>>> print(open('model_24.txt').read())   # compact mmCIF, C-alpha atoms (C1' of nucleotides)
# COMPACT_ATOMS: atom_id res chain seq x y z
CA MET A 1 27.30 0.19 13.87
CA ASP A 2 25.39 -0.53 10.71
CA ASP A 3 25.93 -4.19 10.01
CA THR A 4 22.45 -4.53 8.54
CA ARG A 5 22.31 -6.80 5.55
CA TRP A 6 20.16 -4.62 3.34
CA LEU A 7 18.11 -6.12 0.56
CA THR A 8 19.60 -6.45 -2.90
CA PRO A 9 17.69 -4.66 -5.67
CA ASP A 10 16.17 -7.97 -6.78
CA GLU A 11 15.14 -8.87 -3.26
CA LEU A 12 13.74 -5.42 -2.68
CA ARG A 13 11.60 -5.55 -5.76
CA ALA A 14 10.25 -9.00 -5.00
CA TRP A 15 9.53 -8.04 -1.41
CA THR A 16 7.88 -4.76 -2.37
CA ARG A 17 5.53 -6.48 -4.78
CA PHE A 18 4.83 -9.25 -2.33
CA VAL A 19 3.97 -6.92 0.50
CA ALA A 20 1.74 -4.92 -1.83
CA VAL A 21 -0.22 -8.05 -2.65
CA VAL A 22 -0.38 -8.98 1.02
CA GLU A 23 -1.88 -5.57 1.75
CA LEU A 24 -4.34 -5.59 -1.11
CA LEU A 25 -5.62 -9.15 -1.14
CA PRO A 26 -7.46 -9.25 2.20
CA GLY A 27 -9.51 -6.23 1.19
CA ILE A 28 -10.54 -7.91 -2.07
CA LEU A 29 -11.57 -11.11 -0.32
CA ASP A 30 -13.33 -9.32 2.51
CA SER A 31 -15.36 -7.01 0.37
CA GLN A 32 -16.64 -9.71 -1.98
CA LEU A 33 -17.69 -11.90 0.94
CA GLN A 34 -19.14 -8.98 2.85
CA ARG A 35 -21.13 -7.89 -0.17
CA ASP A 36 -22.41 -11.30 -1.23
CA ALA A 37 -22.70 -13.15 2.08
CA GLU A 38 -22.29 -10.60 4.88
CA LEU A 39 -19.30 -12.56 6.09
CA SER A 40 -15.75 -11.42 6.76
CA HIS A 41 -13.06 -13.56 5.20
CA PHE A 42 -12.14 -14.79 8.64
CA GLU A 43 -15.72 -15.78 9.41
CA TYR A 44 -15.97 -17.61 6.11
CA PHE A 45 -12.70 -19.33 6.85
CA VAL A 46 -13.97 -20.51 10.22
CA LEU A 47 -17.09 -21.96 8.62
CA ALA A 48 -15.04 -23.55 5.85
CA MET A 49 -12.67 -25.20 8.31
CA LEU A 50 -15.58 -26.64 10.23
CA SER A 51 -17.21 -27.86 7.03
CA GLU A 52 -14.12 -29.89 6.21
CA SER A 53 -13.77 -31.43 9.65
CA PRO A 54 -15.13 -34.81 10.75
CA GLN A 55 -18.63 -34.38 12.17
CA ARG A 56 -18.29 -30.76 11.06
CA THR A 57 -16.96 -30.24 14.55
CA LEU A 58 -13.75 -28.96 16.08
CA ARG A 59 -12.63 -28.00 19.55
CA MET A 60 -12.30 -24.28 20.07
CA THR A 61 -8.57 -24.65 20.59
CA GLY A 62 -8.13 -26.72 17.47
CA LEU A 63 -10.22 -24.32 15.44
CA ALA A 64 -8.24 -21.38 16.78
CA SER A 65 -4.97 -22.94 15.82
CA ALA A 66 -6.24 -24.01 12.38
CA THR A 67 -7.37 -20.47 11.65
CA ASN A 68 -4.43 -18.72 13.31
CA ALA A 69 -6.74 -16.96 15.72
CA THR A 70 -6.20 -16.32 19.39
CA LEU A 71 -8.74 -18.03 21.59
CA PRO A 72 -10.38 -14.76 22.66
CA ARG A 73 -10.79 -13.67 19.06
CA LEU A 74 -12.26 -17.00 18.06
CA SER A 75 -14.57 -16.98 21.04
CA HIS A 76 -16.05 -13.66 19.96
CA VAL A 77 -16.37 -14.69 16.34
CA VAL A 78 -18.03 -17.99 17.20
CA SER A 79 -20.47 -16.10 19.43
CA ARG A 80 -21.48 -13.97 16.47
CA LEU A 81 -21.77 -16.96 14.16
CA GLU A 82 -23.79 -18.73 16.83
CA LYS A 83 -26.23 -15.80 17.07
CA ARG A 84 -26.71 -16.06 13.32
CA GLY A 85 -27.39 -19.77 13.58
CA PHE A 86 -24.38 -21.00 11.61
CA VAL A 87 -22.51 -22.63 14.47
CA GLU A 88 -23.45 -24.41 17.65
CA ARG A 89 -21.45 -24.78 20.83
CA THR A 90 -21.68 -28.09 22.61
CA ALA A 91 -19.92 -29.31 25.72
CA CYS A 92 -17.16 -31.81 25.16
CA ALA A 93 -17.75 -35.16 26.81
CA GLU A 94 -14.14 -36.25 27.28
CA ASP A 95 -12.85 -32.98 28.70
CA ARG A 96 -15.26 -30.77 30.54
CA ARG A 97 -13.02 -27.74 30.12
CA ALA A 98 -13.36 -27.99 26.36
CA THR A 99 -16.06 -26.72 24.02
CA ASN A 100 -16.91 -28.13 20.61
CA ALA A 101 -17.94 -25.84 17.80
CA THR A 102 -20.23 -27.55 15.29
CA LEU A 103 -21.42 -26.31 11.94
CA THR A 104 -25.23 -26.32 11.82
CA ASP A 105 -27.21 -27.29 8.72
CA ALA A 106 -27.83 -23.60 8.11
CA GLY A 107 -24.08 -23.02 8.42
CA TRP A 108 -23.41 -25.81 5.94
CA ARG A 109 -25.86 -24.32 3.47
CA LYS A 110 -24.24 -20.94 3.97
CA VAL A 111 -20.83 -22.36 3.05
CA VAL A 112 -22.24 -24.20 0.06
CA GLU A 113 -23.93 -21.14 -1.34
CA THR A 114 -21.02 -18.81 -0.55
CA ALA A 115 -18.17 -20.94 -1.84
CA PRO A 116 -18.73 -20.50 -5.60
CA GLY A 117 -18.57 -16.72 -5.45
CA HIS A 118 -15.52 -16.86 -3.27
CA VAL A 119 -13.75 -19.32 -5.56
CA GLU A 120 -14.63 -17.14 -8.51
CA THR A 121 -13.04 -14.15 -6.79
CA VAL A 122 -9.90 -16.11 -6.05
CA ARG A 123 -9.74 -17.38 -9.60
CA GLU A 124 -10.30 -13.99 -11.14
CA ASN A 125 -7.86 -12.06 -8.98
CA VAL A 126 -5.09 -14.53 -8.33
CA LEU A 127 -5.12 -17.63 -10.50
CA GLU A 128 -6.34 -16.12 -13.74
CA PRO A 129 -3.24 -13.98 -14.39
CA LEU A 130 -0.96 -16.95 -13.71
CA THR A 131 0.32 -19.67 -16.02
CA GLU A 132 0.41 -23.27 -14.91
CA GLU A 133 4.11 -22.86 -14.21
CA ASP A 134 3.43 -19.75 -12.15
CA VAL A 135 1.03 -21.70 -9.99
CA ALA A 136 3.65 -24.38 -9.41
CA ASP A 137 6.22 -21.73 -8.49
CA LEU A 138 3.77 -20.00 -6.18
CA ASP A 139 3.09 -23.29 -4.47
CA ARG A 140 6.78 -24.03 -4.00
CA VAL A 141 7.74 -20.57 -2.77
CA MET A 142 4.79 -20.25 -0.39
CA GLY A 143 5.52 -23.73 0.89
CA ARG A 144 9.01 -22.61 1.87
CA VAL A 145 7.88 -19.41 3.51
CA LEU A 146 5.11 -21.23 5.30
CA ALA A 147 7.55 -23.77 6.65
CA LYS A 148 9.25 -20.84 8.36
CA LEU A 149 6.15 -18.97 9.51
CA ASP A 150 4.24 -22.04 10.65
CA PRO A 151 6.65 -24.91 11.26
CA GLU A 152 4.03 -26.89 13.17
CA HIS A 153 1.61 -26.93 10.23
CA ARG A 154 -1.15 -25.77 12.49
CA PHE A 155 -2.67 -23.35 10.06
CA ASN A 156 -5.39 -24.77 7.88
CA ALA A 157 -4.32 -28.19 9.00
CA ALA A 158 -7.00 -30.00 7.01
CA VAL A 159 -5.70 -28.95 3.61
CA THR A 160 -2.13 -27.69 3.87
CA ARG A 161 -0.48 -30.98 4.71
CA THR A 162 2.30 -32.00 2.36
CA ASP A 163 2.38 -35.64 3.36
CA MET B 164 -26.94 -24.52 -11.54
CA ASP B 165 -23.42 -25.33 -10.45
CA ASP B 166 -21.24 -24.10 -13.25
CA THR B 167 -18.52 -23.09 -10.82
CA ARG B 168 -15.06 -23.77 -12.09
CA TRP B 169 -13.62 -25.29 -8.93
CA LEU B 170 -9.92 -25.23 -8.27
CA THR B 171 -7.77 -28.09 -9.46
CA PRO B 172 -5.81 -29.89 -6.72
CA ASP B 173 -2.65 -28.03 -7.74
CA GLU B 174 -4.40 -24.69 -7.70
CA LEU B 175 -6.04 -25.46 -4.40
CA ARG B 176 -2.77 -26.34 -2.75
CA ALA B 177 -1.00 -23.24 -4.04
CA TRP B 178 -3.91 -21.03 -3.00
CA THR B 179 -4.19 -22.60 0.42
CA ARG B 180 -0.53 -22.03 1.15
CA PHE B 181 -0.65 -18.56 -0.25
CA VAL B 182 -3.63 -17.51 1.83
CA ALA B 183 -1.99 -18.99 4.92
CA VAL B 184 1.05 -16.81 4.37
CA VAL B 185 -1.17 -13.81 3.73
CA GLU B 186 -2.85 -14.43 7.07
CA LEU B 187 0.32 -15.02 9.04
CA LEU B 188 2.69 -12.42 7.66
CA PRO B 189 0.99 -9.22 8.85
CA GLY B 190 1.04 -10.48 12.42
CA ILE B 191 4.77 -11.16 12.21
CA LEU B 192 5.54 -7.73 10.81
CA ASP B 193 3.22 -5.93 13.20
CA SER B 194 4.49 -7.56 16.34
CA GLN B 195 8.16 -6.96 15.58
CA LEU B 196 7.53 -3.30 14.82
CA GLN B 197 5.22 -2.89 17.79
CA ARG B 198 7.74 -4.46 20.11
CA ASP B 199 10.83 -2.63 18.82
CA ALA B 200 9.41 0.72 17.71
CA GLU B 201 5.84 0.98 18.99
CA LEU B 202 4.68 1.29 15.41
CA SER B 203 2.12 -0.71 13.49
CA HIS B 204 3.25 -1.98 10.12
CA PHE B 205 0.93 0.50 8.48
CA GLU B 206 2.36 3.40 10.47
CA TYR B 207 5.87 2.34 9.56
CA PHE B 208 4.83 2.07 5.96
CA VAL B 209 3.45 5.60 5.99
CA LEU B 210 6.69 6.95 7.43
CA ALA B 211 8.72 4.92 4.94
CA MET B 212 6.73 6.20 1.97
CA LEU B 213 7.25 9.77 3.11
CA SER B 214 10.95 9.17 3.64
CA GLU B 215 11.31 8.12 0.01
CA SER B 216 9.36 11.05 -1.41
CA PRO B 217 10.84 14.31 -2.69
CA GLN B 218 11.05 16.84 0.15
CA ARG B 219 9.87 13.95 2.36
CA THR B 220 6.43 15.29 1.58
CA LEU B 221 3.27 13.95 -0.02
CA ARG B 222 -0.29 15.15 -0.35
CA MET B 223 -2.72 13.29 1.86
CA THR B 224 -4.51 11.91 -1.17
CA GLY B 225 -1.26 10.75 -2.77
CA LEU B 226 -0.11 9.18 0.47
CA ALA B 227 -3.45 7.44 0.89
CA SER B 228 -3.29 5.96 -2.55
CA ALA B 229 0.36 4.93 -2.18
CA THR B 230 -0.43 3.10 1.05
CA ASN B 231 -3.80 1.74 -0.05
CA ALA B 232 -5.55 3.55 2.76
CA THR B 233 -8.84 5.37 2.65
CA LEU B 234 -8.53 9.07 3.33
CA PRO B 235 -10.32 8.86 6.70
CA ARG B 236 -8.03 6.10 7.85
CA LEU B 237 -4.94 7.99 6.78
CA SER B 238 -6.19 11.16 8.40
CA HIS B 239 -6.49 9.42 11.76
CA VAL B 240 -3.11 7.73 11.44
CA VAL B 241 -1.37 10.95 10.44
CA SER B 242 -2.97 12.66 13.43
CA ARG B 243 -1.43 10.08 15.72
CA LEU B 244 1.95 10.32 14.04
CA GLU B 245 1.72 14.10 14.27
CA LYS B 246 1.05 13.92 18.01
CA ARG B 247 4.18 11.82 18.36
CA GLY B 248 6.19 14.37 16.39
CA PHE B 249 7.03 12.17 13.39
CA VAL B 250 4.92 13.98 10.80
CA GLU B 251 3.86 17.55 10.20
CA ARG B 252 0.83 18.82 8.33
CA THR B 253 1.27 21.92 6.22
CA ALA B 254 -1.17 23.71 3.99
CA CYS B 255 -0.65 23.24 0.27
CA ALA B 256 0.08 26.45 -1.59
CA GLU B 257 -1.26 25.49 -5.02
CA ASP B 258 -4.54 23.99 -3.85
CA ARG B 259 -5.98 25.26 -0.64
CA ARG B 260 -8.19 22.20 -0.23
CA ALA B 261 -5.11 20.03 -0.03
CA THR B 262 -2.85 19.17 2.89
CA ASN B 263 0.78 18.12 2.71
CA ALA B 264 2.16 15.56 5.12
CA THR B 265 5.88 16.01 5.78
CA LEU B 266 8.24 13.74 7.63
CA THR B 267 9.95 15.65 10.45
CA ASP B 268 13.59 15.15 11.40
CA ALA B 269 12.42 13.05 14.34
CA GLY B 270 10.33 11.01 11.91
CA TRP B 271 13.32 10.54 9.65
CA ARG B 272 15.44 9.37 12.58
CA LYS B 273 12.64 7.01 13.60
CA VAL B 274 12.64 5.42 10.15
CA VAL B 275 16.43 5.17 10.09
CA GLU B 276 16.59 3.46 13.45
CA THR B 277 13.59 1.22 12.80
CA ALA B 278 14.47 0.04 9.29
CA PRO B 279 17.29 -2.38 10.17
CA GLY B 280 15.16 -4.43 12.55
CA HIS B 281 12.33 -4.50 10.07
CA VAL B 282 14.59 -5.57 7.22
CA GLU B 283 16.06 -8.25 9.44
CA THR B 284 12.56 -9.57 10.15
CA VAL B 285 11.72 -9.64 6.46
CA ARG B 286 14.97 -11.37 5.64
CA GLU B 287 14.61 -13.93 8.39
CA ASN B 288 10.99 -14.83 7.71
CA VAL B 289 10.64 -14.49 3.98
CA LEU B 290 13.88 -14.20 2.05
CA GLU B 291 16.05 -16.55 4.10
CA PRO B 292 14.16 -19.73 3.21
CA LEU B 293 14.25 -18.84 -0.50
CA THR B 294 16.85 -19.53 -3.15
CA GLU B 295 17.84 -16.87 -5.66
CA GLU B 296 15.57 -18.54 -8.19
CA ASP B 297 12.71 -18.55 -5.70
CA VAL B 298 13.08 -14.81 -5.28
CA ALA B 299 12.95 -14.31 -9.04
CA ASP B 300 9.83 -16.49 -9.25
CA LEU B 301 8.22 -14.66 -6.37
CA ASP B 302 8.90 -11.36 -8.10
CA ARG B 303 7.42 -12.56 -11.38
CA VAL B 304 4.31 -14.15 -9.86
CA MET B 305 3.58 -11.23 -7.54
CA GLY B 306 4.09 -8.85 -10.43
CA ARG B 307 1.36 -10.62 -12.36
CA VAL B 308 -1.06 -10.73 -9.46
CA LEU B 309 -0.32 -7.11 -8.65
CA ALA B 310 -1.04 -6.08 -12.23
CA LYS B 311 -4.53 -7.45 -11.64
CA LEU B 312 -5.09 -6.13 -8.11
CA ASP B 313 -3.56 -2.71 -8.74
CA PRO B 314 -3.57 -1.96 -12.46
CA GLU B 315 -2.92 1.74 -11.85
CA HIS B 316 0.31 1.08 -9.93
CA ARG B 317 -0.90 3.32 -7.18
CA PHE B 318 0.32 1.18 -4.33
CA ASN B 319 3.84 1.92 -3.16
CA ALA B 320 4.29 4.02 -6.27
CA ALA B 321 7.82 5.11 -5.40
CA VAL B 322 9.33 1.64 -5.58
CA THR B 323 7.03 -0.71 -7.44
CA ARG B 324 7.37 0.83 -10.87
CA THR B 325 8.52 -1.56 -13.55
CA ASP B 326 9.58 1.06 -16.05
C1' DC C 327 -19.68 35.88 -11.67
C1' DC C 328 -22.49 32.64 -9.61
C1' DC C 329 -24.41 28.17 -8.83
C1' DG C 330 -24.19 23.09 -9.00
C1' DA C 331 -20.94 19.27 -9.03
C1' DT C 332 -16.71 17.41 -7.74
C1' DT C 333 -12.54 16.94 -4.97
C1' DA C 334 -9.73 17.15 -0.45
C1' DG C 335 -9.82 16.38 4.01
C1' DT C 336 -11.65 15.92 8.91
C1' DT C 337 -14.64 14.18 12.52
C1' DG C 338 -17.88 11.02 14.86
C1' DT C 339 -19.86 6.50 15.43
C1' DT C 340 -19.92 1.69 15.13
C1' DG C 341 -17.79 -2.76 14.88
C1' DA C 342 -13.86 -5.86 15.37
C1' DT C 343 -9.34 -7.27 17.26
C1' DA C 344 -5.60 -7.51 20.83
C1' DC C 345 -4.49 -7.90 25.44
C1' DA C 346 -5.27 -8.80 30.17
C1' DA C 347 -7.80 -10.67 33.84
C1' DC C 348 -10.66 -14.06 35.24
C1' DT C 349 -13.17 -18.82 36.00
C1' DA C 350 -13.31 -23.62 35.62
C1' DA C 351 -11.48 -28.10 34.99
C1' DC C 352 -7.67 -31.37 34.52
C1' DG C 353 -3.42 -33.85 36.20
C1' DC C 354 0.46 -34.68 38.61
C1' DT C 355 2.73 -35.29 42.94
C1' DA C 356 3.24 -35.66 47.75
C1' DT D 357 -6.98 -36.38 48.59
C1' DA D 358 -4.99 -31.75 48.91
C1' DG D 359 -2.66 -28.50 46.50
C1' DC D 360 -0.05 -26.44 42.70
C1' DG D 361 0.66 -25.72 37.94
C1' DT D 362 -1.29 -25.94 33.43
C1' DT D 363 -4.86 -25.87 29.98
C1' DA D 364 -9.59 -24.34 27.95
C1' DG D 365 -12.46 -20.87 27.41
C1' DT D 366 -15.05 -16.43 28.39
C1' DT D 367 -15.51 -11.58 29.41
C1' DG D 368 -14.15 -6.72 29.75
C1' DT D 369 -11.36 -2.83 28.11
C1' DA D 370 -8.61 -0.04 25.02
C1' DT D 371 -7.21 0.62 20.30
C1' DC D 372 -7.70 0.73 15.51
C1' DA D 373 -10.31 0.61 10.99
C1' DA D 374 -14.62 1.14 8.08
C1' DC D 375 -18.30 3.91 6.97
C1' DA D 376 -21.09 7.95 6.85
C1' DA D 377 -21.76 12.69 7.43
C1' DC D 378 -19.85 16.94 7.21
C1' DT D 379 -16.92 21.33 5.85
C1' DA D 380 -14.21 23.78 2.71
C1' DA D 381 -12.23 24.79 -1.67
C1' DT D 382 -11.96 24.21 -6.77
C1' DC D 383 -13.85 23.65 -11.32
C1' DG D 384 -17.04 24.16 -15.22
C1' DG D 385 -20.88 25.89 -17.53
C1' DG D 386 -24.54 29.42 -18.23
>>> encode(input="model_24.txt", output="structure tokens")
Amino acid sequence: MDDTRWLTPDELRAWTRFVAVVELLPGILDSQLQRDAELSHFEYFVLAMLSESPQRTLRMTGLASATNATLPRLSHVVSRLEKRGFVERTACAEDRRATNATLTDAGWRKVVETAPGHVETVRENVLEPLTEEDVADLDRVMGRVLAKLDPEHRFNAAVTRTD
Amino acid sequence: MDDTRWLTPDELRAWTRFVAVVELLPGILDSQLQRDAELSHFEYFVLAMLSESPQRTLRMTGLASATNATLPRLSHVVSRLEKRGFVERTACAEDRRATNATLTDAGWRKVVETAPGHVETVRENVLEPLTEEDVADLDRVMGRVLAKLDPEHRFNAAVTRTD
DNA sequence: CCCGATTAGTTGTTGATACAACTAACGCTA
DNA sequence: TAGCGTTAGTTGTATCAACAACTAATCGGG
């Protein structure tokens, strides 16, 4: 009945630590951004993805897939960002079903002024305690896991590409 | 004005992949547990922490800190689990302000029958794509990050301990 | 022994996400 | 060009988490 392949002690310890970090990290990122920019990490991520896109514009579907959001979720978030003046919706010329989300100048400035604090948080909490070799190992290991979780390389498409 | 220490290309790539995994993993864990056991990952985690504790019992405060939950959040979750018969609240004898949360027999059975599927999901999505060396590196790197994020070793106290 | 401060926990409200249902537009085929 | 299936996006509802306010019990001086 029980043909479960349980984790070895080494695997268990690695997994336990990993899942702890996965639980803790979002809270760290969210609270710094919330405090300093009144942005959730996801909202910041949406703005950042747009800021790196040609014309600072992406289709809703493309943006959803790049941020791993469902379309309904993204639609709500973009509505909020639109109310705050950071994003603009424009009709898509080629396909009248589609909607383009464009980063406004105010949105661009928001990203520019928010990024340093965010980077500092990442550096302090994640990169700082790591050696150069650790960073290389992290990159390799996460690359392998990511290949499993996101084989299509949809997530964060602008930056993640290996090729 | 801009004395930000930006990320090097290597750091950026490692971070980008890491944050992608951090975004994707909770959804994977949640949906498997929701589908197979009607439990969120957090609910499962609460039950699992209790199952590993002496007398299958923990104070609310201790359970909150071990699961990185605020007390209000935990209180609500325990209420739900109590309604479903998996957990019982009992008054604490030594400190009448305190409440003990105890895993019931039904809760224990729930953990026992849910664990294999969960472990299988973890194995398939995280451990499978990794070599033995990768697992060791993951353990080391996460240990270092965790030491920064959770210096008190409160999270998952039963298993994470190094000593 | 009593009063302020702290600790433990619960409850209510507000905001965000998931899920489902819906509208609108495209595209293929007959 | 009519109709069916698919794709793009929005809107409404139910659930869960964060935050604040609250109650109750303990602790630590005077």
>>> atom_distance(input="model_24.txt", atom1="atom CA of Thr99 of chain A", atom2="atom CA of Arg80 of chain A")
15.8 Å
>>> closest_atom_pairs(input="model_24.txt", of="chain D", to="chain A", cutoff="10 Å", atoms="all atoms listed in the file", output="JSON lines")
{"residue": "D:DT363", "atom": "C1'", "partner": "A:Arg97", "partner_atom": "CA", "distance": 8.4}
{"residue": "D:DA364", "atom": "C1'", "partner": "A:Arg97", "partner_atom": "CA", "distance": 5.3}
{"residue": "D:DG365", "atom": "C1'", "partner": "A:Ala98", "partner_atom": "CA", "distance": 7.3}
{"residue": "D:DT366", "atom": "C1'", "partner": "A:Ser75", "partner_atom": "CA", "distance": 7.4}
{"residue": "D:DT367", "atom": "C1'", "partner": "A:Pro72", "partner_atom": "CA", "distance": 9.1}
>>> interface_residues(input="model_24.txt", of="chain A", to="chain B", cutoff="8 Å", atoms="all atoms listed in the file", output="ChimeraX atom specification")
/A:4-7,10-11,13-18,20-26,68,116,119-120,123,125-127,129-130,134-146,148-149,155-156,159-160
>>> atom_distance(input="model_24.txt", atom1="atom C1' of DA381 of chain D", atom2="atom CA of Ala264 of chain B")
18.4 Å
>>> interface_residues(input="model_24.txt", of="chain C", to="chain B", cutoff="10 Å", atoms="all atoms listed in the file", output="ChimeraX atom specification")
/C:333-337
>>> atom_distance(input="model_24.txt", atom1="atom C1' of DA344 of chain C", atom2="atom CA of Thr70 of chain A")
8.9 Å
>>> residues_around(input="model_24.txt", residues="DC328 of chain C", least_positions_apart="5", cutoff="12 Å", atoms="all atoms listed in the file", output="ChimeraX atom specification")
/D:384-386
>>> residues_around(input="model_24.txt", residues="segment 46-52 of chain A", least_positions_apart="6", cutoff="9 Å", atoms="only C-alpha atoms (C1' of nucleotides)", output="list in words")
Leu58, Leu63, Ala64, Ala66, Thr67, Leu74, Val77, Val78, Leu81, Phe86, Val87, Ala101, Thr102, Leu103, Gly107, Trp108, Lys110, Val111, Ala115, Asn156, Ala157, Ala158 and Val159 of chain A
>>> residues_near_point(input="model_24.txt", point="(-13.8, -6.7, 14.6)", cutoff="9 Å", atoms="all atoms listed in the file", output="list of chain:residue names")
A:Arg73, A:Val77, C:DG341, C:DA342, C:DT343, D:DA373
>>> axis_aligned_box(input="model_24.txt", around="segment 366-375 of chain D", padding_each_side="6 Å", output="AutoDock Vina command-line options")
--center_x -12.8 --center_y -6.3 --center_z 18.4 --size_x 23.1 --size_y 32.3 --size_z 34.8
>>> closest_residue(input="model_24.txt", among="C:DA356, C:DA351, C:DC327, C:DC345", to="DT362 of chain D", atoms="all atoms listed in the file")
C:DA351
>>> closest_residue(input="model_24.txt", among="C:DT349, C:DT332, C:DT340, C:DT355", to="DT357 of chain D", atoms="all atoms listed in the file")
C:DT355
>>> decode(input="model_24.txt", residues="segment 137-152 of chain A", atoms="N, CA and C atoms", output="PDB file, in the first residue's frame")
ATOM      1  N   ASP A 137      25.699  28.531  -7.784  1.00  0.00           N
ATOM      2  CA  ASP A 137      24.946  27.316  -7.480  1.00  0.00           C
ATOM      3  C   ASP A 137      23.440  27.589  -7.453  1.00  0.00           C
ATOM      4  N   LEU A 138      23.095  28.719  -6.851  1.00  0.00           N
ATOM      5  CA  LEU A 138      21.674  29.098  -6.812  1.00  0.00           C
ATOM      6  C   LEU A 138      21.119  29.219  -8.219  1.00  0.00           C
ATOM      7  N   ASP A 139      21.883  29.867  -9.070  1.00  0.00           N
ATOM      8  CA  ASP A 139      21.474  30.046 -10.454  1.00  0.00           C
ATOM      9  C   ASP A 139      21.253  28.697 -11.139  1.00  0.00           C
ATOM     10  N   ARG A 140      22.210  27.805 -10.969  1.00  0.00           N
ATOM     11  CA  ARG A 140      22.123  26.496 -11.622  1.00  0.00           C
ATOM     12  C   ARG A 140      20.934  25.698 -11.094  1.00  0.00           C
ATOM     13  N   VAL A 141      20.791  25.634  -9.783  1.00  0.00           N
ATOM     14  CA  VAL A 141      19.724  24.828  -9.190  1.00  0.00           C
ATOM     15  C   VAL A 141      18.360  25.392  -9.549  1.00  0.00           C
ATOM     16  N   MET A 142      18.202  26.699  -9.432  1.00  0.00           N
ATOM     17  CA  MET A 142      16.912  27.311  -9.761  1.00  0.00           C
ATOM     18  C   MET A 142      16.606  27.158 -11.250  1.00  0.00           C
ATOM     19  N   GLY A 143      17.635  27.210 -12.063  1.00  0.00           N
ATOM     20  CA  GLY A 143      17.446  26.980 -13.489  1.00  0.00           C
ATOM     21  C   GLY A 143      16.832  25.612 -13.740  1.00  0.00           C
ATOM     22  N   ARG A 144      17.313  24.618 -13.030  1.00  0.00           N
ATOM     23  CA  ARG A 144      16.798  23.252 -13.230  1.00  0.00           C
ATOM     24  C   ARG A 144      15.375  23.101 -12.729  1.00  0.00           C
ATOM     25  N   VAL A 145      15.107  23.692 -11.577  1.00  0.00           N
ATOM     26  CA  VAL A 145      13.739  23.608 -11.053  1.00  0.00           C
ATOM     27  C   VAL A 145      12.787  24.363 -11.970  1.00  0.00           C
ATOM     28  N   LEU A 146      13.253  25.520 -12.414  1.00  0.00           N
ATOM     29  CA  LEU A 146      12.407  26.352 -13.263  1.00  0.00           C
ATOM     30  C   LEU A 146      12.087  25.658 -14.581  1.00  0.00           C
ATOM     31  N   ALA A 147      13.053  24.914 -15.092  1.00  0.00           N
ATOM     32  CA  ALA A 147      12.819  24.181 -16.332  1.00  0.00           C
ATOM     33  C   ALA A 147      11.663  23.206 -16.164  1.00  0.00           C
ATOM     34  N   LYS A 148      11.501  22.721 -14.939  1.00  0.00           N
ATOM     35  CA  LYS A 148      10.386  21.809 -14.656  1.00  0.00           C
ATOM     36  C   LYS A 148       9.087  22.574 -14.447  1.00  0.00           C
ATOM     37  N   LEU A 149       9.153  23.630 -13.652  1.00  0.00           N
ATOM     38  CA  LEU A 149       7.935  24.365 -13.282  1.00  0.00           C
ATOM     39  C   LEU A 149       7.397  25.196 -14.443  1.00  0.00           C
ATOM     40  N   ASP A 150       8.285  25.641 -15.301  1.00  0.00           N
ATOM     41  CA  ASP A 150       7.896  26.568 -16.362  1.00  0.00           C
ATOM     42  C   ASP A 150       8.651  26.228 -17.642  1.00  0.00           C
ATOM     43  N   PRO A 151       8.335  25.074 -18.211  1.00  0.00           N
ATOM     44  CA  PRO A 151       9.090  24.588 -19.380  1.00  0.00           C
ATOM     45  C   PRO A 151       8.995  25.517 -20.587  1.00  0.00           C
ATOM     46  N   GLU A 152       7.947  26.326 -20.630  1.00  0.00           N
ATOM     47  CA  GLU A 152       7.753  27.199 -21.793  1.00  0.00           C
ATOM     48  C   GLU A 152       8.510  28.519 -21.661  1.00  0.00           C
TER      49      GLU A 152
END
